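Source file: upload.cif; contents: mmCIF, N, CA and C atoms.
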data_input
#
loop_
_atom_site.label_atom_id
_atom_site.label_comp_id
_atom_site.auth_asym_id
_atom_site.auth_seq_id
_atom_site.Cartn_x
_atom_site.Cartn_y
_atom_site.Cartn_z
N MET A 1 -26.60 24.74 -115.33
CA MET A 1 -26.30 24.41 -113.95
C MET A 1 -27.12 23.21 -113.52
N THR A 2 -26.52 22.41 -112.70
CA THR A 2 -27.23 21.24 -112.21
C THR A 2 -28.06 21.62 -110.99
N THR A 3 -28.93 20.70 -110.62
CA THR A 3 -29.78 20.93 -109.46
C THR A 3 -28.94 21.02 -108.19
N GLN A 4 -27.88 20.21 -108.11
CA GLN A 4 -27.01 20.25 -106.93
C GLN A 4 -26.31 21.60 -106.80
N THR A 5 -25.84 22.13 -107.93
CA THR A 5 -25.18 23.42 -107.90
C THR A 5 -26.15 24.52 -107.50
N THR A 6 -27.35 24.48 -108.03
CA THR A 6 -28.38 25.47 -107.68
C THR A 6 -28.73 25.39 -106.21
N THR A 7 -28.87 24.20 -105.69
CA THR A 7 -29.18 24.01 -104.27
C THR A 7 -28.03 24.50 -103.40
N ALA A 8 -26.81 24.19 -103.79
CA ALA A 8 -25.64 24.63 -103.02
C ALA A 8 -25.54 26.15 -103.02
N THR A 9 -25.80 26.77 -104.17
CA THR A 9 -25.77 28.23 -104.25
C THR A 9 -26.84 28.85 -103.36
N ALA A 10 -28.02 28.28 -103.36
CA ALA A 10 -29.11 28.78 -102.51
C ALA A 10 -28.76 28.64 -101.04
N MET A 11 -28.11 27.53 -100.66
CA MET A 11 -27.73 27.32 -99.26
C MET A 11 -26.68 28.34 -98.83
N VAL A 12 -25.72 28.65 -99.70
CA VAL A 12 -24.70 29.64 -99.38
C VAL A 12 -25.35 31.01 -99.22
N ARG A 13 -26.28 31.34 -100.11
CA ARG A 13 -26.98 32.62 -100.04
C ARG A 13 -27.76 32.72 -98.73
N THR A 14 -28.45 31.65 -98.36
CA THR A 14 -29.22 31.64 -97.12
C THR A 14 -28.30 31.78 -95.92
N THR A 15 -27.17 31.11 -95.93
CA THR A 15 -26.21 31.17 -94.82
C THR A 15 -25.65 32.58 -94.68
N LYS A 16 -25.28 33.20 -95.80
CA LYS A 16 -24.75 34.57 -95.75
C LYS A 16 -25.80 35.56 -95.26
N ALA A 17 -27.02 35.40 -95.73
CA ALA A 17 -28.10 36.30 -95.32
C ALA A 17 -28.39 36.15 -93.83
N ALA A 18 -28.37 34.91 -93.34
CA ALA A 18 -28.61 34.67 -91.91
C ALA A 18 -27.46 35.25 -91.07
N ALA A 19 -26.23 35.14 -91.57
CA ALA A 19 -25.09 35.70 -90.84
C ALA A 19 -25.19 37.22 -90.79
N PHE A 20 -25.58 37.85 -91.90
CA PHE A 20 -25.76 39.30 -91.93
C PHE A 20 -26.86 39.73 -90.97
N LEU A 21 -27.92 38.93 -90.88
CA LEU A 21 -29.01 39.22 -89.96
C LEU A 21 -28.51 39.15 -88.51
N ARG A 22 -27.76 38.11 -88.18
CA ARG A 22 -27.21 37.99 -86.81
C ARG A 22 -26.28 39.14 -86.48
N ILE A 23 -25.43 39.51 -87.43
CA ILE A 23 -24.49 40.61 -87.19
C ILE A 23 -25.24 41.92 -86.98
N SER A 24 -26.28 42.16 -87.78
CA SER A 24 -27.03 43.41 -87.64
C SER A 24 -27.77 43.48 -86.30
N VAL A 25 -28.32 42.36 -85.85
CA VAL A 25 -28.99 42.34 -84.54
C VAL A 25 -27.97 42.53 -83.42
N ALA A 26 -26.80 41.92 -83.56
CA ALA A 26 -25.75 42.10 -82.55
C ALA A 26 -25.30 43.55 -82.49
N LEU A 27 -25.15 44.17 -83.65
CA LEU A 27 -24.76 45.58 -83.69
C LEU A 27 -25.83 46.46 -83.05
N GLN A 28 -27.09 46.18 -83.35
CA GLN A 28 -28.17 46.94 -82.75
C GLN A 28 -28.16 46.79 -81.22
N THR A 29 -27.99 45.57 -80.75
CA THR A 29 -27.96 45.32 -79.30
C THR A 29 -26.80 46.06 -78.65
N LEU A 30 -25.64 46.02 -79.28
CA LEU A 30 -24.47 46.71 -78.74
C LEU A 30 -24.70 48.22 -78.70
N THR A 31 -25.27 48.78 -79.75
CA THR A 31 -25.48 50.23 -79.76
C THR A 31 -26.51 50.67 -78.72
N ILE A 32 -27.52 49.84 -78.50
CA ILE A 32 -28.50 50.19 -77.46
C ILE A 32 -27.85 50.12 -76.08
N PHE A 33 -27.00 49.14 -75.87
CA PHE A 33 -26.27 49.05 -74.59
C PHE A 33 -25.36 50.27 -74.41
N LEU A 34 -24.67 50.66 -75.47
CA LEU A 34 -23.79 51.83 -75.37
C LEU A 34 -24.59 53.11 -75.12
N GLN A 35 -25.84 53.14 -75.58
CA GLN A 35 -26.70 54.27 -75.27
C GLN A 35 -26.99 54.36 -73.77
N ALA A 36 -27.15 53.21 -73.14
CA ALA A 36 -27.35 53.20 -71.68
C ALA A 36 -26.10 53.73 -70.97
N VAL A 37 -24.94 53.34 -71.46
CA VAL A 37 -23.69 53.83 -70.87
C VAL A 37 -23.57 55.34 -71.07
N SER A 38 -23.86 55.80 -72.28
CA SER A 38 -23.75 57.25 -72.53
C SER A 38 -24.82 58.03 -71.77
N ALA A 39 -25.96 57.40 -71.47
CA ALA A 39 -26.97 58.06 -70.64
C ALA A 39 -26.43 58.28 -69.23
N GLY A 40 -25.69 57.31 -68.73
CA GLY A 40 -25.05 57.49 -67.44
C GLY A 40 -24.02 58.61 -67.47
N LEU A 41 -23.27 58.69 -68.56
CA LEU A 41 -22.30 59.78 -68.71
C LEU A 41 -23.00 61.13 -68.84
N LEU A 42 -24.19 61.10 -69.43
CA LEU A 42 -24.99 62.32 -69.58
C LEU A 42 -25.27 62.94 -68.21
N LEU A 43 -25.46 62.09 -67.23
CA LEU A 43 -25.76 62.57 -65.87
C LEU A 43 -24.52 63.03 -65.11
N SER A 44 -23.34 62.55 -65.55
CA SER A 44 -22.15 62.81 -64.75
C SER A 44 -21.03 63.54 -65.47
N SER A 45 -21.19 63.84 -66.76
CA SER A 45 -20.10 64.43 -67.51
C SER A 45 -20.62 65.49 -68.47
N SER A 46 -19.76 66.45 -68.78
CA SER A 46 -20.16 67.48 -69.73
C SER A 46 -20.17 66.95 -71.17
N HIS A 47 -19.46 65.86 -71.43
CA HIS A 47 -19.42 65.28 -72.78
C HIS A 47 -20.52 64.25 -73.00
N GLY A 48 -21.27 63.94 -71.97
CA GLY A 48 -22.29 62.91 -72.07
C GLY A 48 -23.37 63.21 -73.08
N GLU A 49 -23.79 64.46 -73.16
CA GLU A 49 -24.87 64.81 -74.11
C GLU A 49 -24.41 64.62 -75.55
N LEU A 50 -23.19 65.01 -75.85
CA LEU A 50 -22.65 64.83 -77.20
C LEU A 50 -22.56 63.34 -77.55
N LEU A 51 -22.02 62.54 -76.63
CA LEU A 51 -21.90 61.10 -76.87
C LEU A 51 -23.27 60.44 -77.03
N HIS A 52 -24.23 60.85 -76.23
CA HIS A 52 -25.57 60.26 -76.31
C HIS A 52 -26.25 60.65 -77.63
N GLY A 53 -26.03 61.86 -78.08
CA GLY A 53 -26.59 62.30 -79.36
C GLY A 53 -25.99 61.55 -80.54
N ILE A 54 -24.67 61.37 -80.52
CA ILE A 54 -24.01 60.60 -81.58
C ILE A 54 -24.46 59.15 -81.52
N GLY A 55 -24.53 58.62 -80.32
CA GLY A 55 -24.97 57.23 -80.14
C GLY A 55 -26.38 57.00 -80.64
N ALA A 56 -27.24 58.01 -80.48
CA ALA A 56 -28.63 57.89 -80.96
C ALA A 56 -28.66 57.72 -82.47
N ARG A 57 -27.82 58.47 -83.15
CA ARG A 57 -27.76 58.36 -84.61
C ARG A 57 -27.22 56.99 -85.05
N VAL A 58 -26.21 56.52 -84.35
CA VAL A 58 -25.63 55.21 -84.66
C VAL A 58 -26.65 54.10 -84.37
N MET A 59 -27.34 54.20 -83.24
CA MET A 59 -28.36 53.19 -82.90
C MET A 59 -29.48 53.18 -83.94
N TYR A 60 -29.89 54.36 -84.39
CA TYR A 60 -30.94 54.44 -85.40
C TYR A 60 -30.47 53.81 -86.71
N GLY A 61 -29.23 54.08 -87.06
CA GLY A 61 -28.65 53.46 -88.26
C GLY A 61 -28.58 51.95 -88.13
N ALA A 62 -28.24 51.46 -86.94
CA ALA A 62 -28.18 50.01 -86.71
C ALA A 62 -29.57 49.40 -86.83
N SER A 63 -30.60 50.12 -86.41
CA SER A 63 -31.97 49.63 -86.55
C SER A 63 -32.38 49.57 -88.02
N MET A 64 -31.94 50.54 -88.80
CA MET A 64 -32.23 50.51 -90.24
C MET A 64 -31.47 49.36 -90.91
N LEU A 65 -30.26 49.11 -90.46
CA LEU A 65 -29.47 48.00 -91.01
C LEU A 65 -30.16 46.66 -90.70
N TYR A 66 -30.75 46.55 -89.52
CA TYR A 66 -31.49 45.34 -89.15
C TYR A 66 -32.67 45.11 -90.10
N VAL A 67 -33.38 46.18 -90.46
CA VAL A 67 -34.49 46.05 -91.42
C VAL A 67 -33.95 45.57 -92.76
N LEU A 68 -32.86 46.18 -93.22
CA LEU A 68 -32.27 45.77 -94.50
C LEU A 68 -31.85 44.30 -94.46
N ALA A 69 -31.20 43.89 -93.38
CA ALA A 69 -30.75 42.50 -93.26
C ALA A 69 -31.93 41.54 -93.24
N ALA A 70 -33.01 41.93 -92.58
CA ALA A 70 -34.20 41.07 -92.53
C ALA A 70 -34.81 40.90 -93.91
N VAL A 71 -34.86 41.99 -94.67
CA VAL A 71 -35.41 41.91 -96.03
C VAL A 71 -34.51 41.04 -96.91
N LEU A 72 -33.20 41.22 -96.81
CA LEU A 72 -32.28 40.42 -97.61
C LEU A 72 -32.29 38.95 -97.22
N ALA A 73 -32.50 38.68 -95.94
CA ALA A 73 -32.58 37.28 -95.49
C ALA A 73 -33.86 36.63 -95.99
N TRP A 74 -34.90 37.45 -96.17
CA TRP A 74 -36.19 36.91 -96.62
C TRP A 74 -36.20 36.70 -98.12
N ARG A 75 -36.03 37.75 -98.88
CA ARG A 75 -36.26 37.66 -100.31
C ARG A 75 -35.15 36.91 -101.05
N PRO A 76 -33.96 37.48 -101.16
CA PRO A 76 -32.95 36.71 -101.89
C PRO A 76 -32.43 35.53 -101.10
N GLY A 77 -32.49 35.63 -99.78
CA GLY A 77 -31.94 34.56 -98.94
C GLY A 77 -32.86 33.37 -98.77
N GLY A 78 -34.14 33.54 -99.04
CA GLY A 78 -35.09 32.44 -98.92
C GLY A 78 -35.54 32.15 -97.51
N GLY A 79 -35.31 33.07 -96.59
CA GLY A 79 -35.70 32.86 -95.20
C GLY A 79 -37.13 33.31 -94.97
N PRO A 80 -37.60 33.22 -93.72
CA PRO A 80 -38.96 33.63 -93.39
C PRO A 80 -39.10 35.16 -93.39
N ALA A 81 -40.32 35.63 -93.54
CA ALA A 81 -40.59 37.07 -93.56
C ALA A 81 -40.77 37.65 -92.16
N ARG A 82 -41.00 36.81 -91.17
CA ARG A 82 -41.28 37.29 -89.82
C ARG A 82 -40.23 38.26 -89.26
N PRO A 83 -38.92 38.04 -89.47
CA PRO A 83 -37.95 39.00 -88.94
C PRO A 83 -38.11 40.42 -89.48
N ILE A 84 -38.74 40.56 -90.64
CA ILE A 84 -38.98 41.91 -91.16
C ILE A 84 -39.92 42.67 -90.23
N GLY A 85 -40.93 41.99 -89.71
CA GLY A 85 -41.84 42.61 -88.76
C GLY A 85 -41.13 43.01 -87.47
N TYR A 86 -40.26 42.11 -86.97
CA TYR A 86 -39.51 42.44 -85.76
C TYR A 86 -38.60 43.64 -85.99
N ALA A 87 -37.88 43.62 -87.11
CA ALA A 87 -36.95 44.70 -87.42
C ALA A 87 -37.69 46.02 -87.62
N SER A 88 -38.83 45.96 -88.29
CA SER A 88 -39.63 47.18 -88.49
C SER A 88 -40.15 47.71 -87.16
N GLY A 89 -40.54 46.79 -86.28
CA GLY A 89 -40.98 47.19 -84.95
C GLY A 89 -39.88 47.91 -84.18
N PHE A 90 -38.64 47.39 -84.29
CA PHE A 90 -37.51 48.06 -83.64
C PHE A 90 -37.28 49.45 -84.23
N LEU A 91 -37.44 49.56 -85.54
CA LEU A 91 -37.25 50.87 -86.16
C LEU A 91 -38.31 51.86 -85.68
N VAL A 92 -39.53 51.40 -85.50
CA VAL A 92 -40.59 52.26 -84.96
C VAL A 92 -40.25 52.67 -83.52
N LEU A 93 -39.82 51.68 -82.71
CA LEU A 93 -39.43 52.00 -81.33
C LEU A 93 -38.26 52.98 -81.30
N ALA A 94 -37.29 52.80 -82.20
CA ALA A 94 -36.15 53.71 -82.25
C ALA A 94 -36.61 55.12 -82.63
N SER A 95 -37.57 55.21 -83.54
CA SER A 95 -38.09 56.52 -83.94
C SER A 95 -38.78 57.20 -82.76
N VAL A 96 -39.60 56.45 -82.05
CA VAL A 96 -40.27 57.00 -80.86
C VAL A 96 -39.24 57.41 -79.82
N GLN A 97 -38.21 56.60 -79.66
CA GLN A 97 -37.15 56.88 -78.69
C GLN A 97 -36.44 58.19 -79.03
N VAL A 98 -36.14 58.40 -80.29
CA VAL A 98 -35.47 59.63 -80.71
C VAL A 98 -36.37 60.84 -80.43
N VAL A 99 -37.64 60.73 -80.79
CA VAL A 99 -38.58 61.84 -80.56
C VAL A 99 -38.68 62.16 -79.06
N LEU A 100 -38.78 61.12 -78.26
CA LEU A 100 -38.88 61.33 -76.80
C LEU A 100 -37.60 61.94 -76.24
N GLY A 101 -36.46 61.55 -76.77
CA GLY A 101 -35.20 62.12 -76.33
C GLY A 101 -35.08 63.59 -76.69
N ILE A 102 -35.45 63.93 -77.91
CA ILE A 102 -35.41 65.33 -78.34
C ILE A 102 -36.39 66.17 -77.52
N ALA A 103 -37.57 65.59 -77.23
CA ALA A 103 -38.58 66.30 -76.43
C ALA A 103 -38.24 66.32 -74.95
N ARG A 104 -37.19 65.61 -74.57
CA ARG A 104 -36.74 65.52 -73.16
C ARG A 104 -37.86 65.02 -72.25
N VAL A 105 -38.31 63.80 -72.55
CA VAL A 105 -39.32 63.14 -71.75
C VAL A 105 -38.69 61.88 -71.15
N PRO A 106 -37.82 62.05 -70.14
CA PRO A 106 -37.09 60.90 -69.61
C PRO A 106 -37.97 59.87 -68.92
N SER A 107 -39.15 60.28 -68.46
CA SER A 107 -40.03 59.33 -67.77
C SER A 107 -40.52 58.22 -68.71
N VAL A 108 -40.50 58.45 -70.01
CA VAL A 108 -40.87 57.43 -70.99
C VAL A 108 -39.64 56.98 -71.76
N HIS A 109 -38.72 57.91 -72.02
CA HIS A 109 -37.51 57.64 -72.80
C HIS A 109 -36.65 56.55 -72.16
N VAL A 110 -36.44 56.64 -70.87
CA VAL A 110 -35.57 55.67 -70.18
C VAL A 110 -36.20 54.27 -70.13
N PRO A 111 -37.45 54.12 -69.68
CA PRO A 111 -38.03 52.77 -69.69
C PRO A 111 -38.13 52.17 -71.09
N LEU A 112 -38.40 53.01 -72.09
CA LEU A 112 -38.45 52.50 -73.46
C LEU A 112 -37.08 52.00 -73.91
N GLY A 113 -36.04 52.69 -73.50
CA GLY A 113 -34.68 52.24 -73.81
C GLY A 113 -34.37 50.89 -73.17
N VAL A 114 -34.82 50.70 -71.94
CA VAL A 114 -34.62 49.42 -71.25
C VAL A 114 -35.40 48.32 -71.98
N LEU A 115 -36.64 48.62 -72.36
CA LEU A 115 -37.45 47.66 -73.11
C LEU A 115 -36.78 47.30 -74.43
N MET A 116 -36.29 48.31 -75.14
CA MET A 116 -35.63 48.05 -76.42
C MET A 116 -34.39 47.17 -76.24
N PHE A 117 -33.63 47.41 -75.20
CA PHE A 117 -32.45 46.58 -74.96
C PHE A 117 -32.86 45.13 -74.70
N GLY A 118 -33.87 44.94 -73.86
CA GLY A 118 -34.33 43.58 -73.57
C GLY A 118 -34.84 42.88 -74.82
N LEU A 119 -35.63 43.57 -75.62
CA LEU A 119 -36.15 42.98 -76.85
C LEU A 119 -35.03 42.67 -77.84
N SER A 120 -34.05 43.53 -77.89
CA SER A 120 -32.94 43.31 -78.80
C SER A 120 -32.10 42.11 -78.36
N VAL A 121 -31.92 41.95 -77.06
CA VAL A 121 -31.20 40.76 -76.55
C VAL A 121 -31.99 39.49 -76.90
N LEU A 122 -33.30 39.55 -76.75
CA LEU A 122 -34.13 38.39 -77.13
C LEU A 122 -34.01 38.08 -78.62
N ALA A 123 -34.04 39.11 -79.45
CA ALA A 123 -33.90 38.91 -80.90
C ALA A 123 -32.53 38.33 -81.22
N LEU A 124 -31.51 38.82 -80.55
CA LEU A 124 -30.16 38.30 -80.76
C LEU A 124 -30.08 36.83 -80.37
N ALA A 125 -30.65 36.48 -79.23
CA ALA A 125 -30.66 35.08 -78.80
C ALA A 125 -31.43 34.22 -79.79
N HIS A 126 -32.55 34.73 -80.29
CA HIS A 126 -33.36 34.00 -81.25
C HIS A 126 -32.58 33.72 -82.53
N HIS A 127 -31.89 34.74 -83.04
CA HIS A 127 -31.16 34.58 -84.30
C HIS A 127 -29.85 33.83 -84.12
N THR A 128 -29.29 33.86 -82.92
CA THR A 128 -28.02 33.18 -82.67
C THR A 128 -28.23 31.71 -82.34
N MET A 129 -29.17 31.43 -81.46
CA MET A 129 -29.40 30.06 -81.02
C MET A 129 -30.39 29.33 -81.90
N GLY A 130 -31.14 30.07 -82.70
CA GLY A 130 -32.11 29.46 -83.58
C GLY A 130 -33.49 29.41 -82.95
N ALA A 131 -34.47 29.45 -83.80
CA ALA A 131 -35.87 29.40 -83.35
C ALA A 131 -36.26 27.96 -83.10
N PRO A 132 -37.24 27.75 -82.23
CA PRO A 132 -37.73 26.39 -82.06
C PRO A 132 -38.30 25.87 -83.37
N ARG A 133 -38.05 24.64 -83.64
CA ARG A 133 -38.49 24.06 -84.91
C ARG A 133 -39.91 23.53 -84.79
N GLY A 134 -40.70 23.75 -85.83
CA GLY A 134 -42.06 23.22 -85.89
C GLY A 134 -42.05 21.83 -86.50
N ARG A 135 -43.20 21.23 -86.58
CA ARG A 135 -43.32 19.92 -87.23
C ARG A 135 -43.16 20.07 -88.73
N ALA A 136 -43.02 18.97 -89.40
CA ALA A 136 -42.78 18.99 -90.85
C ALA A 136 -43.93 19.66 -91.59
N ASP A 137 -45.15 19.59 -91.07
CA ASP A 137 -46.28 20.21 -91.76
C ASP A 137 -46.41 21.71 -91.44
N GLY A 138 -45.45 22.24 -90.65
CA GLY A 138 -45.45 23.67 -90.34
C GLY A 138 -46.20 24.03 -89.09
N SER A 139 -46.91 23.09 -88.48
CA SER A 139 -47.68 23.42 -87.28
C SER A 139 -46.84 23.11 -86.04
N ARG A 140 -47.30 23.64 -84.92
CA ARG A 140 -46.63 23.39 -83.64
C ARG A 140 -47.63 22.84 -82.68
N ARG A 141 -47.17 22.09 -81.73
CA ARG A 141 -48.07 21.54 -80.71
C ARG A 141 -48.10 22.37 -79.49
#
So, in terms of structure tokens, how does the structure I just supplied come out?
Amino acid sequence: MTTQTTTATAMVRTTKAAAFLRISVALQTLTIFLQAVSAGLLLSSSHGELLHGIGARVMYGASMLYVLAAVLAWRPGGGPARPIGYASGFLVLASVQVVLGIARVPSVHVPLGVLMFGLSVLALAHHTMGAPRGRADGSRR
């Protein structure tokens, strides 16, 4: 293989990994938003608890998918490792959120859900619009 072919293959791999990362963050953001909707149904409908419970499992799965996408974007994709920390942080928050929901501690569960949604929207914006670029030597002013 030539150097051009190797470079082109690496660029395609990086592009696919970045797209998977964006999709996983978008899915996580959507599932957290749907959890807020199902929380409202929980207060007003007999089916709300079932929907919120199912949604919790889907949201947790989306958080795990975000971790997987971050790892794939880093190692085989050649991207930065920083998103792995963000994704892992979301998984920790999702774990705490599930525990608080099961323990029925809404005074912490609800604000944490709002925080998670805001952070997920920020992560989505970061991965969709791109991070600010540093100087060629890697430093920022």
Checklist entry - Nearest to Tyr60 in chain A: which of A:His109, A:Ala103, A:His127, A:Gln97 is it, counting only C-alpha atoms? => result A:Gln97
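CA of Leu34 in chain A is found 20.0 Å from CA of Leu21 in chain A.
When atom N of Leu43 in chain A is paired with atom N of Ile102 in chain A, their separation reads 14.7 Å.
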Next on the checklist: Show me, as a list of chain:residue names, the residues that have an atom within 7 Å of range 68-71 of chain A when counting all atoms listed in the file, minus same-chain residues fewer than 2 positions from it.
Outcome noted: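 Within the cut-off, the hits are A:Ala17, A:Phe20, A:Leu21, A:Ser24, A:Ser63, A:Met64, A:Leu65, A:Tyr66, A:Ala73, A:Trp74, A:Arg75, A:Pro76, A:Gly77, A:Ala81, A:Pro83, A:Ile84, A:Ala87.
The gap separating CA of Val58 in chain A from atom N of Leu124 in chain A is 17.9 Å, in Å to one decimal.
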Item to check | the PyMOL selection byres ((chain A and resi 31) around 8) applied to the shown file, residues as a PyMOL selection string | outcome: chain A and resi 25-30+32-37+55-56+58-60+62
If you keep N, CA and C atoms, can you output range 104-118 of chain A as a PDB file, in the first residue's frame?
ATOM      1  N   ARG A 104     -35.793   6.355  45.219  1.00  0.00           N
ATOM      2  CA  ARG A 104     -36.858   7.382  45.267  1.00  0.00           C
ATOM      3  C   ARG A 104     -36.411   8.614  46.058  1.00  0.00           C
ATOM      4  N   VAL A 105     -35.343   9.232  45.550  1.00  0.00           N
ATOM      5  CA  VAL A 105     -34.822  10.462  46.132  1.00  0.00           C
ATOM      6  C   VAL A 105     -34.967  11.569  45.083  1.00  0.00           C
ATOM      7  N   PRO A 106     -36.200  12.047  44.868  1.00  0.00           N
ATOM      8  CA  PRO A 106     -36.425  13.019  43.791  1.00  0.00           C
ATOM      9  C   PRO A 106     -35.737  14.364  44.017  1.00  0.00           C
ATOM     10  N   SER A 107     -35.433  14.692  45.269  1.00  0.00           N
ATOM     11  CA  SER A 107     -34.795  15.982  45.543  1.00  0.00           C
ATOM     12  C   SER A 107     -33.393  16.063  44.933  1.00  0.00           C
ATOM     13  N   VAL A 108     -32.763  14.935  44.662  1.00  0.00           N
ATOM     14  CA  VAL A 108     -31.453  14.901  44.005  1.00  0.00           C
ATOM     15  C   VAL A 108     -31.594  14.347  42.591  1.00  0.00           C
ATOM     16  N   HIS A 109     -32.501  13.384  42.411  1.00  0.00           N
ATOM     17  CA  HIS A 109     -32.705  12.719  41.125  1.00  0.00           C
ATOM     18  C   HIS A 109     -33.105  13.713  40.029  1.00  0.00           C
ATOM     19  N   VAL A 110     -34.028  14.581  40.327  1.00  0.00           N
ATOM     20  CA  VAL A 110     -34.524  15.535  39.315  1.00  0.00           C
ATOM     21  C   VAL A 110     -33.461  16.566  38.929  1.00  0.00           C
ATOM     22  N   PRO A 111     -32.827  17.255  39.887  1.00  0.00           N
ATOM     23  CA  PRO A 111     -31.783  18.207  39.485  1.00  0.00           C
ATOM     24  C   PRO A 111     -30.613  17.540  38.754  1.00  0.00           C
ATOM     25  N   LEU A 112     -30.269  16.312  39.162  1.00  0.00           N
ATOM     26  CA  LEU A 112     -29.196  15.606  38.461  1.00  0.00           C
ATOM     27  C   LEU A 112     -29.590  15.304  37.020  1.00  0.00           C
ATOM     28  N   GLY A 113     -30.845  14.974  36.807  1.00  0.00           N
ATOM     29  CA  GLY A 113     -31.331  14.745  35.448  1.00  0.00           C
ATOM     30  C   GLY A 113     -31.240  16.003  34.596  1.00  0.00           C
ATOM     31  N   VAL A 114     -31.572  17.138  35.184  1.00  0.00           N
ATOM     32  CA  VAL A 114     -31.466  18.419  34.468  1.00  0.00           C
ATOM     33  C   VAL A 114     -30.000  18.711  34.143  1.00  0.00           C
ATOM     34  N   LEU A 115     -29.123  18.485  35.111  1.00  0.00           N
ATOM     35  CA  LEU A 115     -27.691  18.680  34.887  1.00  0.00           C
ATOM     36  C   LEU A 115     -27.185  17.769  33.772  1.00  0.00           C
ATOM     37  N   MET A 116     -27.590  16.510  33.809  1.00  0.00           N
ATOM     38  CA  MET A 116     -27.157  15.568  32.778  1.00  0.00           C
ATOM     39  C   MET A 116     -27.635  15.994  31.394  1.00  0.00           C
ATOM     40  N   PHE A 117     -28.849  16.484  31.302  1.00  0.00           N
ATOM     41  CA  PHE A 117     -29.352  16.938  30.007  1.00  0.00           C
ATOM     42  C   PHE A 117     -28.525  18.121  29.505  1.00  0.00           C
ATOM     43  N   GLY A 118     -28.263  19.075  30.379  1.00  0.00           N
ATOM     44  CA  GLY A 118     -27.465  20.235  29.974  1.00  0.00           C
ATOM     45  C   GLY A 118     -26.063  19.837  29.536  1.00  0.00           C
TER      46      GLY A 118
END
